[in-house]
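Visitor: File work.txt follows (compact mmCIF, C-alpha atoms and all ligand atoms):
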# COMPACT_ATOMS: atom_id res chain seq x y z
CA MET X 16 37.21 -76.66 -0.06
CA ARG X 17 37.31 -80.27 -1.19
CA PHE X 18 35.04 -81.48 -3.99
CA ILE X 19 34.12 -85.15 -4.21
CA LEU X 20 32.40 -86.46 -7.32
CA ALA X 21 30.09 -89.23 -6.16
CA LYS X 22 28.49 -91.86 -8.39
CA ASP X 23 24.90 -90.93 -7.64
CA ALA X 24 22.61 -89.59 -4.91
CA THR X 25 22.98 -92.78 -2.86
CA ASP X 26 26.75 -92.47 -2.97
CA VAL X 27 26.51 -88.79 -1.93
CA SER X 28 24.45 -89.80 1.11
CA GLN X 29 26.68 -92.76 1.98
CA ARG X 30 29.82 -90.64 1.88
CA ALA X 31 28.19 -87.95 4.04
CA TYR X 32 27.10 -90.63 6.49
CA ASP X 33 30.64 -92.06 6.61
CA PHE X 34 31.92 -88.66 7.80
CA ILE X 35 29.17 -88.41 10.42
CA ARG X 36 29.57 -91.96 11.67
CA LYS X 37 33.34 -91.68 12.04
CA SER X 38 33.00 -88.34 13.85
CA ILE X 39 30.37 -89.61 16.32
CA LEU X 40 32.46 -92.70 17.06
CA GLN X 41 35.37 -90.38 17.87
CA ASN X 42 33.21 -87.90 19.80
CA PRO X 43 29.86 -89.26 21.05
CA SER X 44 28.82 -85.73 22.16
CA LEU X 45 29.20 -84.34 18.64
CA ILE X 46 27.26 -81.22 17.67
CA LEU X 47 25.64 -81.85 14.34
CA GLY X 48 24.18 -79.07 12.21
CA LEU X 49 21.28 -80.39 10.18
CA ALA X 50 19.30 -79.31 7.14
CA THR X 51 15.85 -80.02 5.75
CA GLY X 52 14.79 -80.39 2.11
CA SER X 53 14.82 -83.45 -0.14
CA THR X 54 18.57 -83.77 -0.51
CA PRO X 55 19.46 -84.98 3.02
CA LEU X 56 16.51 -87.42 3.25
CA GLU X 57 18.53 -90.39 2.06
CA LEU X 58 21.29 -89.52 4.52
CA TYR X 59 18.74 -89.51 7.36
CA LYS X 60 17.46 -92.92 6.20
CA LEU X 61 21.01 -94.26 6.41
CA MET X 62 21.43 -92.80 9.89
CA ILE X 63 18.20 -94.49 10.97
CA SER X 64 18.91 -97.89 9.42
CA ASP X 65 22.43 -98.08 10.81
CA HIS X 66 21.15 -97.02 14.22
CA LYS X 67 18.48 -99.71 14.11
CA ARG X 68 21.17 -102.27 13.33
CA GLY X 69 22.72 -101.21 16.64
CA ASN X 70 25.78 -99.62 15.08
CA LEU X 71 25.57 -96.02 16.27
CA SER X 72 24.00 -94.22 19.21
CA TYR X 73 22.92 -90.58 19.27
CA LYS X 74 22.28 -90.48 23.05
CA LYS X 75 24.76 -87.69 23.64
CA VAL X 76 24.64 -86.02 20.22
CA LYS X 77 23.28 -82.48 19.96
CA THR X 78 21.73 -81.12 16.78
CA ILE X 79 21.12 -77.61 15.53
CA ASN X 80 18.97 -76.98 12.48
CA LEU X 81 19.47 -74.23 9.98
CA ASP X 82 16.05 -72.75 9.54
CA GLU X 83 12.28 -72.80 9.94
CA TYR X 84 9.28 -71.24 8.23
CA VAL X 85 7.69 -68.27 9.98
CA GLY X 86 4.09 -68.52 11.05
CA LEU X 87 3.26 -72.20 10.65
CA PRO X 88 1.38 -73.52 13.67
CA GLU X 89 3.20 -75.88 16.03
CA GLY X 90 3.12 -79.42 14.60
CA HIS X 91 2.26 -78.27 11.06
CA PRO X 92 3.32 -81.11 8.74
CA GLN X 93 5.37 -78.72 6.60
CA SER X 94 7.23 -77.17 9.52
CA TYR X 95 10.89 -78.07 9.69
CA ARG X 96 10.51 -79.22 13.31
CA TYR X 97 7.90 -81.75 12.10
CA PHE X 98 10.19 -82.75 9.21
CA MET X 99 13.12 -83.42 11.53
CA ASP X 100 11.04 -85.31 14.09
CA ASN X 101 9.47 -87.52 11.45
CA ASN X 102 12.41 -88.07 9.17
CA LEU X 103 15.09 -88.53 11.82
CA PHE X 104 14.67 -87.75 15.51
CA ASN X 105 11.70 -90.08 16.19
CA HIS X 106 13.67 -93.01 14.79
CA ILE X 107 16.99 -92.71 16.62
CA ASP X 108 17.87 -92.60 20.32
CA ILE X 109 18.56 -88.86 20.43
CA ASP X 110 17.27 -86.84 23.40
CA LYS X 111 14.79 -84.39 21.86
CA ASN X 112 15.92 -81.79 24.41
CA ASN X 113 19.23 -81.85 22.58
CA THR X 114 17.66 -80.99 19.22
CA LYS X 115 17.31 -77.36 18.31
CA VAL X 116 15.22 -75.88 15.48
CA PRO X 117 14.45 -72.14 15.29
CA LYS X 118 10.99 -71.29 16.58
CA GLY X 119 9.18 -69.83 13.58
CA ASN X 120 6.15 -68.97 15.65
CA ALA X 121 8.01 -67.25 18.51
CA ILE X 122 6.12 -64.19 19.74
CA ASN X 123 9.27 -62.10 19.59
CA LEU X 124 11.06 -63.17 16.42
CA ASP X 125 13.90 -60.65 16.82
CA LYS X 126 14.69 -62.09 20.23
CA GLU X 127 14.52 -65.63 18.85
CA CYS X 128 17.03 -64.64 16.14
CA GLU X 129 19.42 -63.11 18.66
CA GLU X 130 19.20 -66.09 20.99
CA TYR X 131 19.66 -68.55 18.15
CA SER X 132 22.84 -66.88 16.89
CA SER X 133 24.22 -66.71 20.39
CA PHE X 134 23.39 -70.42 20.88
CA VAL X 135 25.22 -71.30 17.66
CA SER X 136 28.28 -69.30 18.67
CA THR X 137 28.55 -71.18 21.97
CA ASN X 138 27.66 -74.54 20.39
CA ARG X 139 29.63 -74.44 17.14
CA PRO X 140 28.59 -77.43 15.03
CA ASP X 141 31.38 -79.97 14.58
CA ILE X 142 29.77 -80.88 11.26
CA GLN X 143 27.18 -78.82 9.42
CA ILE X 144 25.16 -80.56 6.72
CA LEU X 145 24.08 -78.19 3.95
CA GLY X 146 22.03 -78.35 0.78
CA ILE X 147 22.19 -75.75 -1.97
CA GLY X 148 19.32 -73.96 -3.67
CA SER X 149 19.07 -73.73 -7.44
CA ASN X 150 19.84 -70.01 -7.00
CA GLY X 151 22.91 -70.73 -4.86
CA HIS X 152 21.24 -70.11 -1.50
CA ILE X 153 22.38 -71.88 1.65
CA ALA X 154 19.72 -72.35 4.31
CA PHE X 155 17.34 -69.47 3.51
CA ASN X 156 20.17 -67.05 2.78
CA GLU X 157 19.09 -65.88 -0.63
CA PRO X 158 21.35 -64.14 -3.18
CA GLY X 159 22.28 -60.70 -1.86
CA THR X 160 22.43 -61.74 1.80
CA SER X 161 25.41 -60.28 3.64
CA PHE X 162 28.23 -62.74 4.29
CA ASN X 163 28.32 -61.14 7.73
CA SER X 164 24.71 -62.05 8.59
CA SER X 165 23.65 -63.76 11.79
CA THR X 166 20.27 -65.45 12.36
CA HIS X 167 17.57 -63.32 10.78
CA ILE X 168 14.10 -63.23 9.25
CA VAL X 169 13.95 -63.40 5.47
CA LYS X 170 11.31 -62.79 2.88
CA LEU X 171 11.54 -65.76 0.55
CA LYS X 172 12.35 -65.20 -3.11
CA ASP X 173 9.76 -66.30 -5.68
CA SER X 174 12.19 -68.94 -7.00
CA THR X 175 12.46 -70.51 -3.52
CA ILE X 176 8.70 -70.42 -2.99
CA LYS X 177 8.32 -72.19 -6.34
CA ASP X 178 11.01 -74.78 -5.46
CA ASN X 179 9.29 -75.54 -2.14
CA ALA X 180 5.70 -75.50 -3.43
CA ARG X 181 5.98 -79.22 -4.19
CA PHE X 182 5.68 -79.91 -0.46
CA PHE X 183 2.44 -77.92 -0.09
CA GLU X 184 -1.05 -78.33 -1.58
CA ASN X 185 -0.39 -75.29 -3.74
CA GLU X 186 2.07 -72.43 -4.08
CA SER X 187 -0.09 -69.94 -2.19
CA GLU X 188 0.29 -72.04 0.99
CA VAL X 189 4.07 -71.69 1.10
CA PRO X 190 4.97 -69.22 3.88
CA GLN X 191 6.43 -65.94 2.66
CA GLN X 192 9.00 -65.67 5.44
CA ALA X 193 11.48 -67.84 7.25
CA ILE X 194 13.92 -67.60 10.14
CA THR X 195 17.38 -68.71 9.10
CA MET X 196 20.86 -69.02 10.50
CA GLY X 197 22.95 -66.33 8.86
CA ILE X 198 25.98 -66.96 6.71
CA LYS X 199 28.33 -66.01 9.55
CA ASP X 200 26.60 -68.59 11.80
CA ILE X 201 26.94 -71.29 9.13
CA MET X 202 30.59 -70.47 8.53
CA SER X 203 31.32 -70.93 12.25
CA ALA X 204 30.90 -74.71 11.88
CA LYS X 205 34.15 -76.63 12.23
CA MET X 206 33.39 -78.74 9.18
CA ILE X 207 30.76 -78.21 6.47
CA ILE X 208 29.46 -80.97 4.20
CA LEU X 209 27.38 -79.70 1.30
CA LEU X 210 25.29 -82.23 -0.60
CA ALA X 211 24.12 -81.54 -4.14
CA THR X 212 22.15 -83.90 -6.33
CA GLY X 213 20.26 -83.48 -9.59
CA SER X 214 20.66 -81.29 -12.65
CA SER X 215 18.68 -78.39 -11.15
CA LYS X 216 21.69 -77.73 -8.89
CA ALA X 217 24.34 -77.86 -11.62
CA GLU X 218 24.62 -74.14 -12.31
CA ALA X 219 24.57 -73.19 -8.61
CA LEU X 220 27.19 -75.81 -7.79
CA TYR X 221 29.50 -74.54 -10.52
CA ARG X 222 29.15 -70.97 -9.30
CA ALA X 223 29.68 -72.05 -5.68
CA ILE X 224 32.90 -73.89 -6.45
CA LYS X 225 34.42 -72.16 -9.46
CA GLY X 226 32.73 -68.80 -9.56
CA PRO X 227 33.77 -65.56 -7.89
CA ILE X 228 33.14 -65.28 -4.14
CA THR X 229 30.13 -63.03 -4.22
CA GLU X 230 26.98 -62.42 -2.20
CA ASP X 231 25.11 -63.05 -5.49
CA CYS X 232 25.88 -66.72 -4.88
CA PRO X 233 25.77 -67.27 -1.11
CA ALA X 234 27.32 -70.76 -1.35
CA SER X 235 30.47 -69.26 -2.93
CA ILE X 236 31.57 -68.14 0.57
CA LEU X 237 32.33 -71.79 1.29
CA GLN X 238 35.48 -71.37 -0.83
CA THR X 239 36.91 -69.48 2.15
CA HIS X 240 35.93 -72.06 4.79
CA PRO X 241 38.91 -74.06 6.13
CA ASN X 242 37.15 -77.44 6.15
CA THR X 243 34.37 -77.82 3.61
CA VAL X 244 33.59 -80.95 1.64
CA ILE X 245 31.24 -80.74 -1.32
CA LEU X 246 29.63 -83.98 -2.39
CA GLY X 247 28.07 -83.85 -5.85
CA ASP X 248 26.52 -86.53 -8.01
CA HIS X 249 27.11 -86.70 -11.77
CA THR X 250 24.18 -84.50 -12.76
CA SER X 251 24.71 -81.73 -10.21
CA SER X 252 28.39 -81.73 -11.14
CA PHE X 253 27.81 -81.43 -14.89
CA TRP X 254 29.42 -78.00 -15.39
CA ILE X 255 32.28 -78.85 -13.06
CA ARG X 256 32.95 -82.07 -14.95
CA VAL X 257 32.97 -80.35 -18.34
CA ASN X 258 34.91 -77.47 -16.74
CA ARG X 259 32.90 -74.82 -18.52
CA GLU X 260 30.74 -71.94 -17.36
CA PRO X 261 27.01 -72.74 -17.45
CA GLU X 262 25.37 -71.55 -20.66
P1 LIG I 301 16.45 -79.43 -1.56
O1 LIG I 301 16.73 -77.98 -1.02
O2 LIG I 301 17.33 -80.35 -0.79
O3 LIG I 301 15.00 -79.67 -1.31
O4 LIG I 301 16.79 -79.42 -3.02
C1 LIG I 301 18.03 -77.56 -0.81
C2 LIG I 301 18.03 -76.10 -0.46
O5 LIG I 301 17.18 -75.35 -0.97
O6 LIG I 301 18.89 -75.68 0.32
Render the structure in this file as structure tokens.
Guide:
Amino acid sequence: MRFILAKDATDVSQRAYDFIRKSILQNPSLILGLATGSTPLELYKLMISDHKRGNLSYKKVKTINLDEYVGLPEGHPQSYRYFMDNNLFNHIDIDKNNTKVPKGNAINLDKECEEYSSFVSTNRPDIQILGIGSNGHIAFNEPGTSFNSSTHIVKLKDSTIKDNARFFENESEVPQQAITMGIKDIMSAKMIILLATGSSKAEALYRAIKGPITEDCPASILQTHPNTVILGDHTSSFWIRVNREPE
């Protein structure tokens, strides 16, 4: 695991983009694992602006997203499919048939989970972009999730519902369940780039990097991944910089 202390959120995004850009130039058919949430938004803006300048094509790139809410109707503005279309896919030259997001409104969710895991295992992401939750979750793998998990349905923790309520009219509208790649699926990526910005991530980031490897902090498993880069800004890296356990 390599930790890079970036200047600020813009620098975090720029450094992540540099990895992606270099990798797509080397392999135009790259498989890119993508994440939703506020953290990667600036990265997606960089991807779009550089594409519009004619510098990078996504024609052959394939993407696989980490997760999706369960039960939101197709096209719901808070669905992760909608998020990805609007914040990235609609603005670059990617073939939408090459973009995969779990189907949160599949009739048979168990089957969707099985098929998704099997898809990930035959299409291992070359780079997986990850955020981290303030409780140390990765994707929707909340504390306590087995490190051996494949794609599954989760009941969201209250803390995650609260964190995500800012995107909905009110907290009661946040779905209670999600479909998420499991930790084993995520760990199958050839390279993982975790982005962390803001003080709300400081404790989780410390535990992920310096804490014990424990299912209580799902992101701590990344310590065992052969090629993980963690990009943190100054505020998310507070406890790492002072080299002290969070109080
Ligand atoms: P955020 O979410 O980027 O919106 O902070 C990250 C996460 O919960 O994984």
Visitor: In terms of the shortest atom-to-atom distance over all atoms listed in the file, which of X:Leu40, X:Leu87, X:Ala21, X:Leu103 is closest to X:Leu56?
Guide: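 Checking each candidate against X:Leu56, we get X:Leu103 as the closest.
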Visitor: What is the distance, in Å and to one decimal place, between atom CA of X:Thr229 and atom CA of X:Gly197?
Guide: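 Atom-to-atom, atom CA of X:Thr229 to atom CA of X:Gly197, that is 15.3 Å.
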Visitor: For ligand LIG 301 (chain I), which residue among X:Leu71, X:Ile107, X:Ile153, X:Ile35 is the nearest when counting only C-alpha atoms and all ligand atoms?
Guide: X:Ile153
Visitor: Give me, as a tab-separated table, each residue of chain X that comes within 6 Å of ligand LIG 301 (chain I), together with its shortest interatomic pair and the distance in Å at one decimal, counting only C-alpha atoms and all ligand atoms, with rows ordered by chain and rising residue number.
Guide:
residue	atom	partner	partner_atom	distance
X:Gly52	CA	I:LIG301	O3	3.5
X:Ser53	CA	I:LIG301	O3	4.0
X:Thr54	CA	I:LIG301	O2	3.6
X:Gly146	CA	I:LIG301	O6	4.1
X:Ile147	CA	I:LIG301	O6	4.0
X:Gly148	CA	I:LIG301	O5	3.7
X:Ile153	CA	I:LIG301	O6	5.3
X:Ala154	CA	I:LIG301	O6	5.3
Visitor: Would you mind telling me which residue in X:His106, X:Lys75, X:Lys111, X:Arg259 lies nearest to X:Asn42 when using all atoms listed in the file?
Guide: X:Lys75
Visitor: Set the distance at 12 Å and use all atoms listed in the file: which residues neighbour X:Lys126 once local chain neighbours fewer than 5 positions away are removed? I'd like the list as a VMD selection string.
Guide: chain X and resid 117 to 121 131 to 133 166 to 168 194
Visitor: I'd like to know which of X:Pro43, X:Asp173, X:Arg36, X:Leu81 is closest to X:His66, using all atoms listed in the file.
Guide: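 Of all the options, X:Arg36 lies closest to X:His66.
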Visitor: May I have the centre and edge lengths, in Å to one decimal, of an axis-aligned box around the listed atoms of stretch 52-68 of chain X with 3 Å added to every side, as lines of an AutoDock Vina configuration file?
Guide:
center_x = 18.6
center_y = -91.3
center_z = 6.9
size_x = 13.6
size_y = 27.9
size_z = 20.7
Visitor: Can you tell me how far atom CA of X:Ile201 sits from atom CA of X:Leu61, in Å to one decimal?
Guide: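 Taking atom CA of X:Ile201 and atom CA of X:Leu61, their separation equals 23.9 Å.
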Visitor: Could you give me, as a VMD selection string, the residues that have an atom at most 12 Å away from the point (19.0, -71.6, 1.1) in the coordinates of the file, using only C-alpha atoms?
Guide: chain X and resid 50 to 52 81 to 83 145 to 160 169 to 172 174 to 176 178 to 179 193 to 198 201 209 219 232 to 234
Visitor: Quick one: residues within 12 Å of (33.0, -73.8, 21.3) (file frame), counting all atoms listed in the file, please, as number ranges by chain.
Guide: X: 45-46, 133-141, 203-205
Visitor: Find the residues near X:Leu237: any atom within 8 Å, counting only C-alpha atoms, skip ones fewer than 6 places away on the same chain, and give them as a list in words.
Guide: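 Close residues of X:Leu237: Met16, Met202, Ala223 and Thr243 of chain X.
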Visitor: How many Å separate atom CA of X:Gly69 from atom CA of X:Asp108?
Guide: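 Calculated distance between atom CA of X:Gly69 and atom CA of X:Asp108 is 10.5 Å.
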Visitor: Would you kindly return, as JSON, numbers by chain, each protein, DNA or RNA residue with an atom no farther than 12 Å from any atom of X:Pro261, considering only C-alpha atoms and excluding same-chain residues fewer than 3 positions away?
Guide: {"X": [214, 215, 216, 217, 218, 219, 220, 221, 222, 225, 226, 251, 252, 253, 254, 255, 256, 257, 258]}
Visitor: Go through X:Ala211, X:Val85, X:Ile79, X:Met99 and flag the residue nearest X:Asn113, using all atoms listed in the file for the distances.
Guide: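 So, comparing all the options, the nearest one is X:Ile79.
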Visitor: Restricting the calculation to all atoms listed in the file, which member of X:Lys77, X:His91, X:Phe104, X:Arg96 is positioned closest to X:Met62?
Guide: X:Phe104
Visitor: Some atoms are missing, so please complete stretch 119-155 of chain X with N, CA and C atoms and return it as an mmCIF file, keeping the file's coordinate frame.
Guide:
data_model
loop_
_atom_site.group_PDB
_atom_site.id
_atom_site.type_symbol
_atom_site.label_atom_id
_atom_site.label_comp_id
_atom_site.auth_asym_id
_atom_site.auth_seq_id
_atom_site.Cartn_x
_atom_site.Cartn_y
_atom_site.Cartn_z
ATOM 1 N N GLY X 119 9.742 -70.727 14.598
ATOM 2 C CA GLY X 119 9.180 -69.830 13.580
ATOM 3 C C GLY X 119 7.901 -69.154 14.030
ATOM 4 N N ASN X 120 7.361 -69.634 15.148
ATOM 5 C CA ASN X 120 6.150 -68.970 15.650
ATOM 6 C C ASN X 120 6.402 -68.310 17.009
ATOM 7 N N ALA X 121 7.683 -67.973 17.274
ATOM 8 C CA ALA X 121 8.010 -67.250 18.510
ATOM 9 C C ALA X 121 7.273 -65.909 18.500
ATOM 10 N N ILE X 122 6.841 -65.469 19.674
ATOM 11 C CA ILE X 122 6.120 -64.190 19.740
ATOM 12 C C ILE X 122 7.056 -63.059 19.372
ATOM 13 N N ASN X 123 8.285 -63.128 19.905
ATOM 14 C CA ASN X 123 9.270 -62.100 19.590
ATOM 15 C C ASN X 123 10.346 -62.707 18.677
ATOM 16 N N LEU X 124 10.164 -62.529 17.387
ATOM 17 C CA LEU X 124 11.060 -63.170 16.420
ATOM 18 C C LEU X 124 12.472 -62.583 16.468
ATOM 19 N N ASP X 125 12.569 -61.270 16.746
ATOM 20 C CA ASP X 125 13.900 -60.650 16.820
ATOM 21 C C ASP X 125 14.712 -61.274 17.954
ATOM 22 N N LYS X 126 14.022 -61.475 19.076
ATOM 23 C CA LYS X 126 14.690 -62.090 20.230
ATOM 24 C C LYS X 126 15.096 -63.526 19.910
ATOM 25 N N GLU X 127 14.203 -64.243 19.243
ATOM 26 C CA GLU X 127 14.520 -65.630 18.850
ATOM 27 C C GLU X 127 15.773 -65.661 17.968
ATOM 28 N N CYS X 128 15.860 -64.712 17.030
ATOM 29 C CA CYS X 128 17.030 -64.640 16.140
ATOM 30 C C CYS X 128 18.305 -64.417 16.942
ATOM 31 N N GLU X 129 18.240 -63.429 17.848
ATOM 32 C CA GLU X 129 19.420 -63.110 18.660
ATOM 33 C C GLU X 129 19.865 -64.303 19.495
ATOM 34 N N GLU X 130 18.873 -64.953 20.120
ATOM 35 C CA GLU X 130 19.200 -66.090 20.990
ATOM 36 C C GLU X 130 19.751 -67.258 20.176
ATOM 37 N N TYR X 131 19.215 -67.426 18.977
ATOM 38 C CA TYR X 131 19.660 -68.550 18.150
ATOM 39 C C TYR X 131 21.124 -68.368 17.739
ATOM 40 N N SER X 132 21.460 -67.157 17.291
ATOM 41 C CA SER X 132 22.840 -66.880 16.890
ATOM 42 C C SER X 132 23.792 -67.074 18.056
ATOM 43 N N SER X 133 23.345 -66.602 19.232
ATOM 44 C CA SER X 133 24.220 -66.710 20.390
ATOM 45 C C SER X 133 24.373 -68.198 20.770
ATOM 46 N N PHE X 134 23.310 -68.975 20.613
ATOM 47 C CA PHE X 134 23.390 -70.420 20.880
ATOM 48 C C PHE X 134 24.396 -71.083 19.930
ATOM 49 N N VAL X 135 24.316 -70.709 18.654
ATOM 50 C CA VAL X 135 25.220 -71.300 17.660
ATOM 51 C C VAL X 135 26.677 -70.942 17.978
ATOM 52 N N SER X 136 26.883 -69.696 18.431
ATOM 53 C CA SER X 136 28.280 -69.300 18.670
ATOM 54 C C SER X 136 28.865 -70.012 19.890
ATOM 55 N N THR X 137 28.007 -70.434 20.829
ATOM 56 C CA THR X 137 28.550 -71.180 21.970
ATOM 57 C C THR X 137 28.445 -72.698 21.771
ATOM 58 N N ASN X 138 27.784 -73.106 20.706
ATOM 59 C CA ASN X 138 27.660 -74.540 20.390
ATOM 60 C C ASN X 138 28.015 -74.748 18.918
ATOM 61 N N ARG X 139 29.230 -74.358 18.560
ATOM 62 C CA ARG X 139 29.630 -74.440 17.140
ATOM 63 C C ARG X 139 29.498 -75.860 16.615
ATOM 64 N N PRO X 140 28.714 -76.067 15.558
ATOM 65 C CA PRO X 140 28.590 -77.430 15.030
ATOM 66 C C PRO X 140 29.960 -78.004 14.641
ATOM 67 N N ASP X 141 30.169 -79.280 15.019
ATOM 68 C CA ASP X 141 31.380 -79.970 14.580
ATOM 69 C C ASP X 141 31.264 -80.291 13.094
ATOM 70 N N ILE X 142 30.048 -80.656 12.686
ATOM 71 C CA ILE X 142 29.770 -80.880 11.260
ATOM 72 C C ILE X 142 28.444 -80.192 10.941
ATOM 73 N N GLN X 143 28.425 -79.429 9.889
ATOM 74 C CA GLN X 143 27.180 -78.820 9.420
ATOM 75 C C GLN X 143 26.818 -79.423 8.071
ATOM 76 N N ILE X 144 25.658 -80.043 8.000
ATOM 77 C CA ILE X 144 25.160 -80.560 6.720
ATOM 78 C C ILE X 144 24.422 -79.429 6.003
ATOM 79 N N LEU X 145 24.711 -79.272 4.727
ATOM 80 C CA LEU X 145 24.080 -78.190 3.950
ATOM 81 C C LEU X 145 23.559 -78.731 2.628
ATOM 82 N N GLY X 146 22.443 -78.159 2.166
ATOM 83 C CA GLY X 146 22.030 -78.350 0.780
ATOM 84 C C GLY X 146 22.352 -77.048 0.043
ATOM 85 N N ILE X 147 21.993 -76.991 -1.213
ATOM 86 C CA ILE X 147 22.190 -75.750 -1.970
ATOM 87 C C ILE X 147 20.939 -75.513 -2.801
ATOM 88 N N GLY X 148 20.492 -74.281 -2.855
ATOM 89 C CA GLY X 148 19.320 -73.960 -3.670
ATOM 90 C C GLY X 148 19.719 -73.784 -5.128
ATOM 91 N N SER X 149 18.750 -73.880 -6.019
ATOM 92 C CA SER X 149 19.070 -73.730 -7.440
ATOM 93 C C SER X 149 19.546 -72.307 -7.739
ATOM 94 N N ASN X 150 19.309 -71.377 -6.818
ATOM 95 C CA ASN X 150 19.840 -70.010 -7.000
ATOM 96 C C ASN X 150 21.097 -69.774 -6.159
ATOM 97 N N GLY X 151 21.663 -70.842 -5.616
ATOM 98 C CA GLY X 151 22.910 -70.730 -4.860
ATOM 99 C C GLY X 151 22.699 -70.413 -3.382
ATOM 100 N N HIS X 152 21.434 -70.425 -2.924
ATOM 101 C CA HIS X 152 21.240 -70.110 -1.500
ATOM 102 C C HIS X 152 21.732 -71.243 -0.611
ATOM 103 N N ILE X 153 22.111 -70.875 0.618
ATOM 104 C CA ILE X 153 22.380 -71.880 1.650
ATOM 105 C C ILE X 153 21.480 -71.534 2.823
ATOM 106 N N ALA X 154 20.845 -72.556 3.400
ATOM 107 C CA ALA X 154 19.720 -72.350 4.310
ATOM 108 C C ALA X 154 18.760 -71.406 3.573
ATOM 109 N N PHE X 155 18.219 -70.397 4.230
ATOM 110 C CA PHE X 155 17.340 -69.470 3.510
ATOM 111 C C PHE X 155 18.082 -68.163 3.211
#
